[in-house]
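Q: Contents are PDB, C-alpha atoms, pLDDT in the B column; file name work19.pdb:
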MODEL        1
ATOM      1  CA  MET A 192    -240.202 -93.992-216.204  1.00 88.00           C
ATOM      2  CA  PRO A 193    -240.078 -90.247-216.884  1.00 91.00           C
ATOM      3  CA  GLU A 194    -237.374 -88.827-219.152  1.00 95.00           C
ATOM      4  CA  ALA A 195    -236.112 -86.514-216.410  1.00 95.00           C
ATOM      5  CA  VAL A 196    -236.790 -85.889-212.752  1.00 94.00           C
ATOM      6  CA  GLU A 197    -236.106 -82.668-210.891  1.00 94.00           C
ATOM      7  CA  LEU A 198    -235.070 -82.801-207.253  1.00 94.00           C
ATOM      8  CA  ARG A 199    -235.135 -79.548-205.323  1.00 91.00           C
ATOM      9  CA  LEU A 200    -232.951 -79.486-202.225  1.00 90.00           C
ATOM     10  CA  THR A 201    -233.863 -77.039-199.479  1.00 91.00           C
ATOM     11  CA  ILE A 202    -232.569 -76.255-196.036  1.00 92.00           C
ATOM     12  CA  PRO A 203    -235.049 -77.284-193.330  1.00 92.00           C
ATOM     13  CA  ALA A 204    -236.656 -74.390-191.482  1.00 91.00           C
ATOM     14  CA  GLU A 205    -235.581 -75.944-188.145  1.00 94.00           C
ATOM     15  CA  LEU A 206    -231.961 -75.000-188.932  1.00 93.00           C
ATOM     16  CA  GLY A 207    -232.761 -71.293-189.151  1.00 93.00           C
ATOM     17  CA  PRO A 208    -232.622 -68.729-191.949  1.00 94.00           C
ATOM     18  CA  GLU A 209    -231.137 -70.105-195.162  1.00 93.00           C
ATOM     19  CA  ALA A 210    -228.555 -67.319-195.489  1.00 94.00           C
ATOM     20  CA  ASP A 211    -227.251 -67.918-191.934  1.00 94.00           C
ATOM     21  CA  VAL A 212    -227.018 -71.689-192.462  1.00 94.00           C
ATOM     22  CA  LEU A 213    -225.158 -71.284-195.752  1.00 95.00           C
ATOM     23  CA  GLU A 214    -222.754 -68.742-194.237  1.00 96.00           C
ATOM     24  CA  GLU A 215    -221.976 -71.044-191.283  1.00 95.00           C
ATOM     25  CA  LEU A 216    -221.451 -73.931-193.690  1.00 95.00           C
ATOM     26  CA  ARG A 217    -219.044 -71.842-195.799  1.00 97.00           C
ATOM     27  CA  GLN A 218    -217.111 -70.837-192.666  1.00 97.00           C
ATOM     28  CA  ARG A 219    -216.823 -74.430-191.442  1.00 97.00           C
ATOM     29  CA  VAL A 220    -215.676 -75.680-194.849  1.00 97.00           C
ATOM     30  CA  ALA A 221    -213.109 -72.862-195.081  1.00 97.00           C
ATOM     31  CA  ALA A 222    -211.811 -73.687-191.580  1.00 97.00           C
ATOM     32  CA  ALA A 223    -211.519 -77.395-192.439  1.00 97.00           C
ATOM     33  CA  VAL A 224    -209.704 -76.621-195.705  1.00 95.00           C
ATOM     34  CA  ALA A 225    -207.302 -74.292-193.883  1.00 96.00           C
ATOM     35  CA  ALA A 226    -206.592 -76.865-191.158  1.00 96.00           C
ATOM     36  CA  ILE A 227    -205.944 -79.616-193.692  1.00 94.00           C
ATOM     37  CA  GLY A 228    -203.725 -77.277-195.740  1.00 92.00           C
ATOM     38  CA  ALA A 229    -201.703 -76.354-192.651  1.00 94.00           C
ATOM     39  CA  ALA A 230    -201.282 -80.026-191.740  1.00 93.00           C
ATOM     40  CA  ARG A 231    -200.198 -80.796-195.300  1.00 92.00           C
ATOM     41  CA  GLN A 232    -197.593 -78.008-195.174  1.00 92.00           C
ATOM     42  CA  ARG A 233    -196.244 -79.290-191.843  1.00 93.00           C
ATOM     43  CA  THR A 234    -195.846 -82.840-193.156  1.00 92.00           C
ATOM     44  CA  GLY A 235    -194.733 -81.856-196.664  1.00 90.00           C
ATOM     45  CA  GLN A 236    -197.440 -83.951-198.304  1.00 88.00           C
ATOM     46  CA  ARG A 237    -198.372 -83.001-201.837  1.00 86.00           C
ATOM     47  CA  VAL A 238    -201.737 -83.031-203.552  1.00 86.00           C
ATOM     48  CA  TYR A 239    -202.233 -84.361-207.068  1.00 85.00           C
ATOM     49  CA  GLY A 240    -203.349 -81.776-209.575  1.00 90.00           C
ATOM     50  CA  ARG A 241    -205.825 -82.327-212.376  1.00 93.00           C
ATOM     51  CA  ARG A 242    -203.205 -83.474-214.881  1.00 93.00           C
ATOM     52  CA  ALA A 243    -201.623 -85.982-212.489  1.00 91.00           C
ATOM     53  CA  VAL A 244    -205.004 -87.433-211.593  1.00 90.00           C
ATOM     54  CA  LEU A 245    -205.925 -87.861-215.254  1.00 93.00           C
ATOM     55  CA  GLN A 246    -202.570 -89.497-216.025  1.00 92.00           C
ATOM     56  CA  GLN A 247    -203.102 -92.267-213.469  1.00 91.00           C
ATOM     57  CA  PRO A 248    -203.842 -95.680-214.971  1.00 92.00           C
ATOM     58  CA  TRP A 249    -207.332 -96.975-214.324  1.00 91.00           C
ATOM     59  CA  TRP A 250    -205.854-100.142-212.773  1.00 92.00           C
ATOM     60  CA  GLY A 251    -203.581 -98.183-210.415  1.00 89.00           C
ATOM     61  CA  ARG A 252    -203.737 -98.631-206.661  1.00 87.00           C
ATOM     62  CA  PRO A 253    -201.917 -97.217-203.631  1.00 84.00           C
ATOM     63  CA  THR A 254    -198.476 -98.598-202.877  1.00 85.00           C
ATOM     64  CA  SER A 255    -198.820 -97.955-199.164  1.00 84.00           C
ATOM     65  CA  PHE A 256    -201.277 -99.539-196.776  1.00 82.00           C
ATOM     66  CA  GLU A 257    -202.849 -98.019-193.717  1.00 81.00           C
ATOM     67  CA  PRO A 258    -203.073-100.210-190.643  1.00 80.00           C
ATOM     68  CA  ARG A 259    -206.455-101.833-190.328  1.00 78.00           C
ATOM     69  CA  ARG A 260    -208.520-101.796-187.186  1.00 74.00           C
ATOM     70  CA  ASN A 261    -206.993-103.478-184.171  1.00 74.00           C
ATOM     71  CA  LEU A 262    -210.313-104.258-182.540  1.00 71.00           C
ATOM     72  CA  ARG A 263    -211.802-107.499-183.866  1.00 72.00           C
ATOM     73  CA  PRO A 264    -214.762-108.275-181.644  1.00 78.00           C
ATOM     74  CA  ARG A 265    -216.039-111.850-181.684  1.00 79.00           C
ATOM     75  CA  VAL A 266    -218.581-111.337-178.938  1.00 84.00           C
ATOM     76  CA  ALA A 267    -221.076-108.557-178.318  1.00 85.00           C
ATOM     77  CA  ALA A 268    -223.435-108.484-175.359  1.00 86.00           C
ATOM     78  CA  ARG A 269    -225.211-105.848-173.337  1.00 88.00           C
ATOM     79  CA  SER A 270    -224.484-107.679-170.122  1.00 91.00           C
ATOM     80  CA  LYS A 271    -220.878-107.616-168.943  1.00 91.00           C
ATOM     81  CA  TRP A 272    -221.226-111.076-167.411  1.00 94.00           C
ATOM     82  CA  ALA A 273    -222.802-112.602-170.514  1.00 92.00           C
ATOM     83  CA  ARG A 274    -219.902-111.206-172.548  1.00 90.00           C
ATOM     84  CA  ILE A 275    -217.332-112.605-170.105  1.00 92.00           C
ATOM     85  CA  GLU A 276    -219.040-115.997-170.167  1.00 93.00           C
ATOM     86  CA  ALA A 277    -219.069-116.028-173.986  1.00 92.00           C
ATOM     87  CA  LEU A 278    -215.390-115.035-174.101  1.00 92.00           C
ATOM     88  CA  LEU A 279    -214.536-117.868-171.701  1.00 94.00           C
ATOM     89  CA  ARG A 280    -216.489-120.357-173.856  1.00 93.00           C
ATOM     90  CA  ASN A 281    -214.669-119.048-176.923  1.00 92.00           C
ATOM     91  CA  ARG A 282    -211.294-119.423-175.235  1.00 94.00           C
ATOM     92  CA  ALA A 283    -212.144-122.989-174.154  1.00 94.00           C
ATOM     93  CA  PHE A 284    -213.192-123.794-177.732  1.00 93.00           C
ATOM     94  CA  LEU A 285    -209.905-122.447-179.117  1.00 93.00           C
ATOM     95  CA  VAL A 286    -207.864-124.479-176.611  1.00 95.00           C
ATOM     96  CA  ASP A 287    -209.846-127.678-177.357  1.00 94.00           C
ATOM     97  CA  TYR A 288    -209.653-127.048-181.097  1.00 93.00           C
ATOM     98  CA  ALA A 289    -205.873-126.473-181.039  1.00 95.00           C
ATOM     99  CA  ALA A 290    -205.337-129.692-179.065  1.00 94.00           C
ATOM    100  CA  ALA A 291    -207.602-131.704-181.389  1.00 93.00           C
ATOM    101  CA  ARG A 292    -205.977-130.258-184.493  1.00 92.00           C
ATOM    102  CA  ALA A 293    -202.472-131.025-183.227  1.00 94.00           C
ATOM    103  CA  GLY A 294    -203.507-134.622-182.495  1.00 93.00           C
ATOM    104  CA  TRP A 295    -205.267-134.938-185.853  1.00 90.00           C
ATOM    105  CA  GLN A 296    -202.174-133.704-187.705  1.00 91.00           C
ATOM    106  CA  GLU A 297    -200.128-136.373-185.922  1.00 93.00           C
ATOM    107  CA  GLY A 298    -202.579-139.028-187.118  1.00 89.00           C
ATOM    108  CA  ALA A 299    -204.297-139.718-183.802  1.00 89.00           C
ATOM    109  CA  ALA A 300    -208.031-140.404-183.581  1.00 88.00           C
ATOM    110  CA  VAL A 301    -209.352-137.216-181.981  1.00 90.00           C
ATOM    111  CA  MET A 302    -212.756-135.663-181.385  1.00 91.00           C
ATOM    112  CA  PHE A 303    -213.029-132.017-182.464  1.00 91.00           C
ATOM    113  CA  PRO A 304    -215.139-129.612-180.358  1.00 92.00           C
ATOM    114  CA  ARG A 305    -218.653-128.746-181.494  1.00 88.00           C
ATOM    115  CA  GLY A 306    -218.613-125.706-183.735  1.00 85.00           C
ATOM    116  CA  THR A 307    -215.866-126.998-186.024  1.00 86.00           C
ATOM    117  CA  TYR A 308    -217.880-126.457-189.178  1.00 84.00           C
ATOM    118  CA  TRP A 309    -215.346-126.448-192.032  1.00 87.00           C
ATOM    119  CA  LEU A 310    -213.378-129.525-190.998  1.00 84.00           C
ATOM    120  CA  ARG A 311    -216.604-131.395-190.240  1.00 84.00           C
ATOM    121  CA  ARG A 312    -217.964-130.657-193.671  1.00 87.00           C
ATOM    122  CA  PHE A 313    -214.866-130.957-195.861  1.00 88.00           C
ATOM    123  CA  ALA A 314    -212.465-133.206-193.930  1.00 85.00           C
ATOM    124  CA  ASN A 315    -215.070-135.433-192.248  1.00 84.00           C
ATOM    125  CA  VAL A 316    -213.611-135.052-188.771  1.00 85.00           C
ATOM    126  CA  PRO A 317    -215.613-136.462-185.845  1.00 86.00           C
ATOM    127  CA  ILE A 318    -217.592-134.065-183.640  1.00 86.00           C
ATOM    128  CA  PRO A 319    -219.626-134.980-180.533  1.00 86.00           C
ATOM    129  CA  ALA A 320    -223.349-135.480-181.116  1.00 79.00           C
ATOM    130  CA  ALA A 321    -225.665-132.692-180.043  1.00 70.00           C
TER     131      ALA A 321
ENDMDL
END
Written as structure tokens, that's how I'd like the structure from this file.
A:
Amino acid sequence: MPEAVELRLTIPAELGPEADVLEELRQRVAAAVAAIGAARQRTGQRVYGRRAVLQQPWWGRPTSFEPRRNLRPRVAARSKWARIEALLRNRAFLVDYAAARAGWQEGAAVMFPRGTYWLRRFANVPIPAA
């Protein structure tokens, strides 16, 4: 391996003259900074300075949590009808699984639906043969 490597970054010719590209980039960054600053002033949010950042413990973490995504897709398909069919199969599995689990917890001999991997492997529950 070489001791040092030099990487020269250039602006592709397809974007136009380098001076024009850099000027547009500076303008866009300045506009974004101004918009974020205005939003921060409206909300009263503060920004940590250098000293405050350096005084943070390395093990520190935020005390607030942002809401995570609400969309949790279980099925993806190009065809609308294939997706609907898969969602219906999934719903039927969940209904069958809930009924089998409730019976199992009561001590009844129940058959879990196919696809119940964890309980089949670790709790030795019965599943229909393929």
Q: Which residues would end up in the selection if the PyMOL selection byres ((chain A and resi 301) around 10) were applied here, given that I need the answer as JSON, numbers by chain?
A: {"A": [290, 291, 292, 293, 294, 295, 296, 298, 299, 300, 302, 303, 304, 316, 317, 318]}
Q: By how many Å are atom CA of A:Ile202 and atom CA of A:Glu214 apart?
A: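 According to the coordinates, atom CA of A:Ile202 and atom CA of A:Glu214 are separated by 12.5 Å.
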Q: Which residues match the PyMOL selection byres ((chain A and resi 266) around 10) in the file above, as a CSV table (one decimal) with C-alpha atoms, in the frame of the given file?
A:
chain,number,residue,atom,x,y,z
A,263,ARG,CA,-211.8,-107.5,-183.9
A,264,PRO,CA,-214.8,-108.3,-181.6
A,265,ARG,CA,-216.0,-111.8,-181.7
A,267,ALA,CA,-221.1,-108.6,-178.3
A,268,ALA,CA,-223.4,-108.5,-175.4
A,273,ALA,CA,-222.8,-112.6,-170.5
A,274,ARG,CA,-219.9,-111.2,-172.5
A,275,ILE,CA,-217.3,-112.6,-170.1
A,276,GLU,CA,-219.0,-116.0,-170.2
A,277,ALA,CA,-219.1,-116.0,-174.0
A,278,LEU,CA,-215.4,-115.0,-174.1
A,281,ASN,CA,-214.7,-119.0,-176.9
Q: Between atom CA of A:Phe284 and atom CA of A:Ser270, what is the distance, to one decimal in Å?
A: 21.1 Å
Q: What does the structure give for the distance between atom CA of A:Val220 and atom CA of A:Glu197, in Å to one decimal?
A: 26.9 Å
Q: Could you give me the centre and size, in Å to one decimal, of an axis-aligned box around all listed atoms of stretch 209-218 of chain A with 3 Å added on every side, as JSON?
A:
{"center_x": -224.1, "center_y": -70.6, "center_z": -193.5, "size_x": 20.0, "size_y": 12.6, "size_z": 10.5}
